[in-house]
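What follows is the content of run25.pdb (PDB, C-alpha atoms, pLDDT in the B column).
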ATOM      1  CA  ARG A   1     -12.215 -10.230 -13.110  1.00 71.00           C
ATOM      2  CA  GLY A   2     -11.108  -6.679 -13.691  1.00 88.00           C
ATOM      3  CA  LEU A   3      -7.942  -4.968 -12.602  1.00 95.00           C
ATOM      4  CA  ARG A   4      -6.641  -6.045  -9.179  1.00 96.00           C
ATOM      5  CA  VAL A   5      -4.516  -3.508  -7.309  1.00 97.00           C
ATOM      6  CA  LEU A   6      -2.592  -4.250  -4.125  1.00 97.00           C
ATOM      7  CA  VAL A   7      -1.822  -1.135  -2.083  1.00 95.00           C
ATOM      8  CA  THR A   8       0.524  -0.897   0.873  1.00 93.00           C
ATOM      9  CA  GLY A   9       1.903   1.845   3.050  1.00 88.00           C
ATOM     10  CA  ASP A  10       2.007   2.979   6.656  1.00 83.00           C
ATOM     11  CA  SER A  11      -0.804   4.281   8.867  1.00 81.00           C
ATOM     12  CA  HIS A  12      -1.817   6.835   6.239  1.00 77.00           C
ATOM     13  CA  THR A  13      -2.717   3.950   3.923  1.00 84.00           C
ATOM     14  CA  ASP A  14      -3.971   1.731   6.735  1.00 83.00           C
ATOM     15  CA  GLY A  15      -6.662   4.312   7.435  1.00 77.00           C
ATOM     16  CA  VAL A  16      -6.173   6.961  10.088  1.00 77.00           C
ATOM     17  CA  CYS A  17      -9.319   8.512   8.606  1.00 75.00           C
ATOM     18  CA  ASP A  18     -12.875   7.443   7.885  1.00 81.00           C
ATOM     19  CA  ASN A  19     -12.812   4.226   5.854  1.00 80.00           C
ATOM     20  CA  SER A  20     -14.624   5.862   2.933  1.00 82.00           C
ATOM     21  CA  ASP A  21     -11.868   8.522   2.798  1.00 83.00           C
ATOM     22  CA  SER A  22      -8.919   6.115   2.760  1.00 84.00           C
ATOM     23  CA  PHE A  23      -6.688   6.061  -0.306  1.00 84.00           C
ATOM     24  CA  VAL A  24      -7.874   2.619  -1.399  1.00 90.00           C
ATOM     25  CA  HIS A  25     -11.573   3.503  -1.252  1.00 90.00           C
ATOM     26  CA  VAL A  26     -11.012   6.805  -3.041  1.00 91.00           C
ATOM     27  CA  LEU A  27      -9.066   4.927  -5.735  1.00 93.00           C
ATOM     28  CA  GLU A  28     -11.918   2.459  -6.273  1.00 93.00           C
ATOM     29  CA  ARG A  29     -14.537   5.199  -6.293  1.00 94.00           C
ATOM     30  CA  GLU A  30     -12.672   7.472  -8.716  1.00 96.00           C
ATOM     31  CA  TRP A  31     -11.730   4.558 -10.982  1.00 95.00           C
ATOM     32  CA  SER A  32     -15.350   3.442 -11.277  1.00 95.00           C
ATOM     33  CA  TYR A  33     -16.342   7.012 -12.124  1.00 96.00           C
ATOM     34  CA  CYS A  34     -13.672   7.395 -14.838  1.00 96.00           C
ATOM     35  CA  HIS A  35     -13.738   3.792 -16.139  1.00 95.00           C
ATOM     36  CA  PRO A  36     -17.246   2.406 -15.536  1.00 94.00           C
ATOM     37  CA  ASP A  37     -16.745  -0.530 -17.939  1.00 94.00           C
ATOM     38  CA  THR A  38     -13.508  -1.768 -16.314  1.00 94.00           C
ATOM     39  CA  PRO A  39     -13.905  -3.104 -12.783  1.00 95.00           C
ATOM     40  CA  LEU A  40     -11.166  -2.456 -10.262  1.00 96.00           C
ATOM     41  CA  GLU A  41     -10.556  -4.304  -7.024  1.00 95.00           C
ATOM     42  CA  ALA A  42      -8.219  -2.430  -4.677  1.00 94.00           C
ATOM     43  CA  LEU A  43      -6.842  -4.386  -1.724  1.00 94.00           C
ATOM     44  CA  ASN A  44      -5.488  -2.490   1.273  1.00 93.00           C
ATOM     45  CA  SER A  45      -2.440  -4.073   2.906  1.00 93.00           C
ATOM     46  CA  GLY A  46      -1.230  -0.915   4.647  1.00 90.00           C
ATOM     47  CA  MET A  47      -0.341  -1.073   8.314  1.00 89.00           C
ATOM     48  CA  GLY A  48       0.726   1.540  10.816  1.00 84.00           C
ATOM     49  CA  GLY A  49       4.474   1.490  11.349  1.00 80.00           C
ATOM     50  CA  TYR A  50       5.334   0.011   7.944  1.00 84.00           C
ATOM     51  CA  ASN A  51       8.312   1.413   6.058  1.00 78.00           C
ATOM     52  CA  SER A  52      10.563   0.380   3.174  1.00 78.00           C
ATOM     53  CA  TYR A  53      11.715  -2.768   4.940  1.00 78.00           C
ATOM     54  CA  ASN A  54       8.156  -4.129   4.933  1.00 85.00           C
ATOM     55  CA  TYR A  55       7.101  -3.581   1.338  1.00 87.00           C
ATOM     56  CA  LEU A  56       8.938  -6.497  -0.278  1.00 89.00           C
ATOM     57  CA  GLY A  57       7.424  -8.784   2.352  1.00 92.00           C
ATOM     58  CA  VAL A  58       3.941  -7.511   1.522  1.00 94.00           C
ATOM     59  CA  ILE A  59       4.179  -8.423  -2.158  1.00 93.00           C
ATOM     60  CA  GLU A  60       5.733 -11.796  -1.299  1.00 94.00           C
ATOM     61  CA  ARG A  61       3.011 -12.546   1.244  1.00 95.00           C
ATOM     62  CA  HIS A  62       0.185 -11.611  -1.116  1.00 96.00           C
ATOM     63  CA  ALA A  63       1.614 -12.969  -4.374  1.00 95.00           C
ATOM     64  CA  ASP A  64      -1.131 -15.602  -4.445  1.00 96.00           C
ATOM     65  CA  LEU A  65      -3.644 -12.788  -4.994  1.00 95.00           C
ATOM     66  CA  ALA A  66      -1.976 -12.141  -8.371  1.00 96.00           C
ATOM     67  CA  PRO A  67      -2.257  -8.344  -8.355  1.00 97.00           C
ATOM     68  CA  ASP A  68      -1.966  -6.575 -11.701  1.00 97.00           C
ATOM     69  CA  VAL A  69      -0.565  -3.465 -10.025  1.00 96.00           C
ATOM     70  CA  TYR A  70       1.332  -2.973  -6.758  1.00 96.00           C
ATOM     71  CA  ILE A  71       1.237   0.511  -5.250  1.00 95.00           C
ATOM     72  CA  VAL A  72       3.494   1.574  -2.393  1.00 92.00           C
ATOM     73  CA  VAL A  73       2.343   4.757  -0.676  1.00 87.00           C
ATOM     74  CA  VAL A  74       5.208   6.532   1.084  1.00 83.00           C
ATOM     75  CA  TYR A  75       4.664   9.305   3.602  1.00 74.00           C
ATOM     76  CA  GLY A  76       7.805  11.429   3.710  1.00 69.00           C
ATOM     77  CA  GLY A  77       6.968  12.802   7.138  1.00 66.00           C
ATOM     78  CA  ASN A  78       8.135   9.689   8.982  1.00 65.00           C
ATOM     79  CA  ASP A  79       8.713   6.732   6.639  1.00 64.00           C
ATOM     80  CA  PHE A  80      12.378   7.492   6.014  1.00 63.00           C
ATOM     81  CA  VAL A  81      13.248   8.532   9.551  1.00 65.00           C
ATOM     82  CA  GLY A  82      11.391   5.522  10.964  1.00 64.00           C
ATOM     83  CA  MET A  83      13.486   3.075   8.964  1.00 66.00           C
ATOM     84  CA  MET A  84      16.858   4.480  10.010  1.00 70.00           C
ATOM     85  CA  PRO A  85      17.153   2.296  13.160  1.00 72.00           C
ATOM     86  CA  LEU A  86      16.330  -0.796  11.076  1.00 69.00           C
ATOM     87  CA  GLN A  87      18.874   0.179   8.452  1.00 70.00           C
ATOM     88  CA  ARG A  88      21.552   0.605  11.114  1.00 75.00           C
ATOM     89  CA  TYR A  89      20.657  -2.761  12.627  1.00 77.00           C
ATOM     90  CA  PHE A  90      20.623  -4.713   9.365  1.00 75.00           C
ATOM     91  CA  GLU A  91      23.737  -3.068   7.952  1.00 80.00           C
ATOM     92  CA  ARG A  92      25.568  -3.172  11.294  1.00 75.00           C
TER      93      ARG A  92
END
Will you turn the file into structure tokens for me?
Amino acid sequence: RGLRVLVTGDSHTDGVCDNSDSFVHVLEREWSYCHPDTPLEALNSGMGGYNSYNYLGVIERHADLAPDVYIVVVYGGNDFVGMMPLQRYFER
């Protein structure tokens, strides 16, 4: 097995574009071009609507996959604003 990368984020990671243009597929493609002797498996766990409150749960849920690297992709356009209602709820 080569390097296993678990990637999470919101809809921008999930794939609001053609699958071949998603971050995870571009990562795999560029890695194989730059490091042809070191395989990389990138796993996409992004989902529309995710924000900071979801990312710990993602790594806990997928711990059995034993990723070597965990990447959290944050989109500043709505990730921080979208979590404000959750923050207010959880912190009362």
Please indicate the distance in Å from atom CA of Ser32 of chain A to atom CA of Asp18 of chain A, rounded to one decimal place. 19.7 Å
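Between Ala42 of chain A and the residues A:Val73, A:Cys17, A:Glu60, A:Phe23, the shortest atom-to-atom distance, using all atoms listed in the file, involves A:Phe23.
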I'd like the neighbourhood of segment 26-28 of chain A as a list of chain:residue names, where a residue qualifies if any of its atoms comes within 10 Å (using all atoms listed in the file), though same-chain residues fewer than 3 positions away should be ignored.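 Near segment 26-28 of chain A, the qualifying residues are A:Val5, A:Asn19, A:Ser20, A:Asp21, A:Ser22, A:Phe23, A:Trp31, A:Ser32, A:Tyr33, A:Pro39, A:Leu40, A:Glu41, A:Ala42, A:Leu43.
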Can you list what the PyMOL selection byres ((chain A and resi 9) around 9) grabs from this structure, as a tab-separated table (two decimals) with C-alpha atoms, in the coordinates of the input?
chain	number	residue	atom	x	y	z
A	7	VAL	CA	-1.82	-1.14	-2.08
A	8	THR	CA	0.52	-0.90	0.87
A	10	ASP	CA	2.01	2.98	6.66
A	11	SER	CA	-0.80	4.28	8.87
A	12	HIS	CA	-1.82	6.84	6.24
A	13	THR	CA	-2.72	3.95	3.92
A	14	ASP	CA	-3.97	1.73	6.74
A	44	ASN	CA	-5.49	-2.49	1.27
A	45	SER	CA	-2.44	-4.07	2.91
A	46	GLY	CA	-1.23	-0.92	4.65
A	47	MET	CA	-0.34	-1.07	8.31
A	48	GLY	CA	0.73	1.54	10.82
A	49	GLY	CA	4.47	1.49	11.35
A	50	TYR	CA	5.33	0.01	7.94
A	51	ASN	CA	8.31	1.41	6.06
A	52	SER	CA	10.56	0.38	3.17
A	54	ASN	CA	8.16	-4.13	4.93
A	55	TYR	CA	7.10	-3.58	1.34
A	71	ILE	CA	1.24	0.51	-5.25
A	72	VAL	CA	3.49	1.57	-2.39
A	73	VAL	CA	2.34	4.76	-0.68
A	74	VAL	CA	5.21	6.53	1.08
A	75	TYR	CA	4.66	9.30	3.60
Expressed in Å, the length from atom CA of Arg4 of chain A to atom CA of Val69 of chain A is 6.7 Å
Nearest candidate to Tyr70 of chain A (options A:Leu6, A:His35, A:Met84, A:Arg1; using only C-alpha atoms): A:Leu6
As a PDB file, in the frame of the given file, please: segment 20-49 of chain A completed to N, CA and C atoms.
ATOM      1  N   SER A  20     -14.232   5.408   4.276  1.00 82.00           N
ATOM      2  CA  SER A  20     -14.624   5.862   2.933  1.00 82.00           C
ATOM      3  C   SER A  20     -13.660   6.903   2.374  1.00 82.00           C
ATOM      4  N   ASP A  21     -12.828   7.505   3.232  1.00 83.00           N
ATOM      5  CA  ASP A  21     -11.868   8.522   2.798  1.00 83.00           C
ATOM      6  C   ASP A  21     -10.457   7.961   2.631  1.00 83.00           C
ATOM      7  N   SER A  22     -10.261   6.681   2.896  1.00 84.00           N
ATOM      8  CA  SER A  22      -8.919   6.115   2.760  1.00 84.00           C
ATOM      9  C   SER A  22      -8.522   6.074   1.284  1.00 84.00           C
ATOM     10  N   PHE A  23      -7.214   6.041   1.056  1.00 84.00           N
ATOM     11  CA  PHE A  23      -6.688   6.061  -0.306  1.00 84.00           C
ATOM     12  C   PHE A  23      -7.289   4.964  -1.174  1.00 84.00           C
ATOM     13  N   VAL A  24      -7.391   3.768  -0.624  1.00 90.00           N
ATOM     14  CA  VAL A  24      -7.874   2.619  -1.399  1.00 90.00           C
ATOM     15  C   VAL A  24      -9.330   2.807  -1.817  1.00 90.00           C
ATOM     16  N   HIS A  25     -10.166   3.288  -0.909  1.00 90.00           N
ATOM     17  CA  HIS A  25     -11.573   3.503  -1.252  1.00 90.00           C
ATOM     18  C   HIS A  25     -11.751   4.653  -2.238  1.00 90.00           C
ATOM     19  N   VAL A  26     -10.956   5.693  -2.084  1.00 91.00           N
ATOM     20  CA  VAL A  26     -11.012   6.805  -3.041  1.00 91.00           C
ATOM     21  C   VAL A  26     -10.571   6.316  -4.418  1.00 91.00           C
ATOM     22  N   LEU A  27      -9.528   5.495  -4.466  1.00 93.00           N
ATOM     23  CA  LEU A  27      -9.066   4.927  -5.735  1.00 93.00           C
ATOM     24  C   LEU A  27     -10.179   4.144  -6.415  1.00 93.00           C
ATOM     25  N   GLU A  28     -10.823   3.252  -5.687  1.00 93.00           N
ATOM     26  CA  GLU A  28     -11.918   2.459  -6.273  1.00 93.00           C
ATOM     27  C   GLU A  28     -13.055   3.349  -6.760  1.00 93.00           C
ATOM     28  N   ARG A  29     -13.426   4.320  -5.948  1.00 94.00           N
ATOM     29  CA  ARG A  29     -14.537   5.199  -6.293  1.00 94.00           C
ATOM     30  C   ARG A  29     -14.216   6.031  -7.543  1.00 94.00           C
ATOM     31  N   GLU A  30     -13.042   6.635  -7.575  1.00 96.00           N
ATOM     32  CA  GLU A  30     -12.672   7.472  -8.716  1.00 96.00           C
ATOM     33  C   GLU A  30     -12.477   6.640  -9.983  1.00 96.00           C
ATOM     34  N   TRP A  31     -11.905   5.441  -9.834  1.00 95.00           N
ATOM     35  CA  TRP A  31     -11.730   4.558 -10.982  1.00 95.00           C
ATOM     36  C   TRP A  31     -13.078   4.208 -11.592  1.00 95.00           C
ATOM     37  N   SER A  32     -14.040   3.834 -10.752  1.00 95.00           N
ATOM     38  CA  SER A  32     -15.350   3.442 -11.277  1.00 95.00           C
ATOM     39  C   SER A  32     -16.056   4.617 -11.950  1.00 95.00           C
ATOM     40  N   TYR A  33     -15.764   5.814 -11.491  1.00 96.00           N
ATOM     41  CA  TYR A  33     -16.342   7.012 -12.124  1.00 96.00           C
ATOM     42  C   TYR A  33     -15.711   7.250 -13.497  1.00 96.00           C
ATOM     43  N   CYS A  34     -14.388   7.114 -13.588  1.00 96.00           N
ATOM     44  CA  CYS A  34     -13.672   7.395 -14.838  1.00 96.00           C
ATOM     45  C   CYS A  34     -13.686   6.221 -15.819  1.00 96.00           C
ATOM     46  N   HIS A  35     -13.793   4.995 -15.308  1.00 95.00           N
ATOM     47  CA  HIS A  35     -13.738   3.792 -16.139  1.00 95.00           C
ATOM     48  C   HIS A  35     -14.872   2.834 -15.756  1.00 95.00           C
ATOM     49  N   PRO A  36     -16.107   3.220 -16.005  1.00 94.00           N
ATOM     50  CA  PRO A  36     -17.246   2.406 -15.536  1.00 94.00           C
ATOM     51  C   PRO A  36     -17.322   1.007 -16.147  1.00 94.00           C
ATOM     52  N   ASP A  37     -16.677   0.782 -17.289  1.00 94.00           N
ATOM     53  CA  ASP A  37     -16.745  -0.530 -17.939  1.00 94.00           C
ATOM     54  C   ASP A  37     -15.598  -1.461 -17.550  1.00 94.00           C
ATOM     55  N   THR A  38     -14.660  -0.964 -16.731  1.00 94.00           N
ATOM     56  CA  THR A  38     -13.508  -1.768 -16.314  1.00 94.00           C
ATOM     57  C   THR A  38     -13.489  -1.855 -14.792  1.00 94.00           C
ATOM     58  N   PRO A  39     -13.889  -2.988 -14.243  1.00 95.00           N
ATOM     59  CA  PRO A  39     -13.905  -3.104 -12.783  1.00 95.00           C
ATOM     60  C   PRO A  39     -12.504  -3.065 -12.179  1.00 95.00           C
ATOM     61  N   LEU A  40     -12.423  -2.528 -10.991  1.00 96.00           N
ATOM     62  CA  LEU A  40     -11.166  -2.456 -10.262  1.00 96.00           C
ATOM     63  C   LEU A  40     -11.397  -2.951  -8.845  1.00 96.00           C
ATOM     64  N   GLU A  41     -10.532  -3.837  -8.398  1.00 95.00           N
ATOM     65  CA  GLU A  41     -10.556  -4.304  -7.024  1.00 95.00           C
ATOM     66  C   GLU A  41      -9.267  -3.828  -6.369  1.00 95.00           C
ATOM     67  N   ALA A  42      -9.384  -2.948  -5.386  1.00 94.00           N
ATOM     68  CA  ALA A  42      -8.219  -2.430  -4.677  1.00 94.00           C
ATOM     69  C   ALA A  42      -8.159  -3.072  -3.294  1.00 94.00           C
ATOM     70  N   LEU A  43      -7.035  -3.680  -2.982  1.00 94.00           N
ATOM     71  CA  LEU A  43      -6.842  -4.386  -1.724  1.00 94.00           C
ATOM     72  C   LEU A  43      -5.877  -3.591  -0.852  1.00 94.00           C
ATOM     73  N   ASN A  44      -6.290  -3.302   0.360  1.00 93.00           N
ATOM     74  CA  ASN A  44      -5.488  -2.490   1.273  1.00 93.00           C
ATOM     75  C   ASN A  44      -4.658  -3.380   2.187  1.00 93.00           C
ATOM     76  N   SER A  45      -3.333  -3.316   2.030  1.00 93.00           N
ATOM     77  CA  SER A  45      -2.440  -4.073   2.906  1.00 93.00           C
ATOM     78  C   SER A  45      -1.553  -3.125   3.722  1.00 93.00           C
ATOM     79  N   GLY A  46      -1.985  -1.875   3.847  1.00 90.00           N
ATOM     80  CA  GLY A  46      -1.230  -0.915   4.647  1.00 90.00           C
ATOM     81  C   GLY A  46      -1.352  -1.223   6.126  1.00 90.00           C
ATOM     82  N   MET A  47      -0.317  -0.858   6.873  1.00 89.00           N
ATOM     83  CA  MET A  47      -0.341  -1.073   8.314  1.00 89.00           C
ATOM     84  C   MET A  47       0.514   0.002   8.986  1.00 89.00           C
ATOM     85  N   GLY A  48      -0.011   0.538  10.069  1.00 84.00           N
ATOM     86  CA  GLY A  48       0.726   1.540  10.816  1.00 84.00           C
ATOM     87  C   GLY A  48       2.102   1.038  11.214  1.00 84.00           C
ATOM     88  N   GLY A  49       3.114   1.864  11.008  1.00 80.00           N
ATOM     89  CA  GLY A  49       4.474   1.490  11.349  1.00 80.00           C
ATOM     90  C   GLY A  49       5.263   0.883  10.198  1.00 80.00           C
TER      91      GLY A  49
END
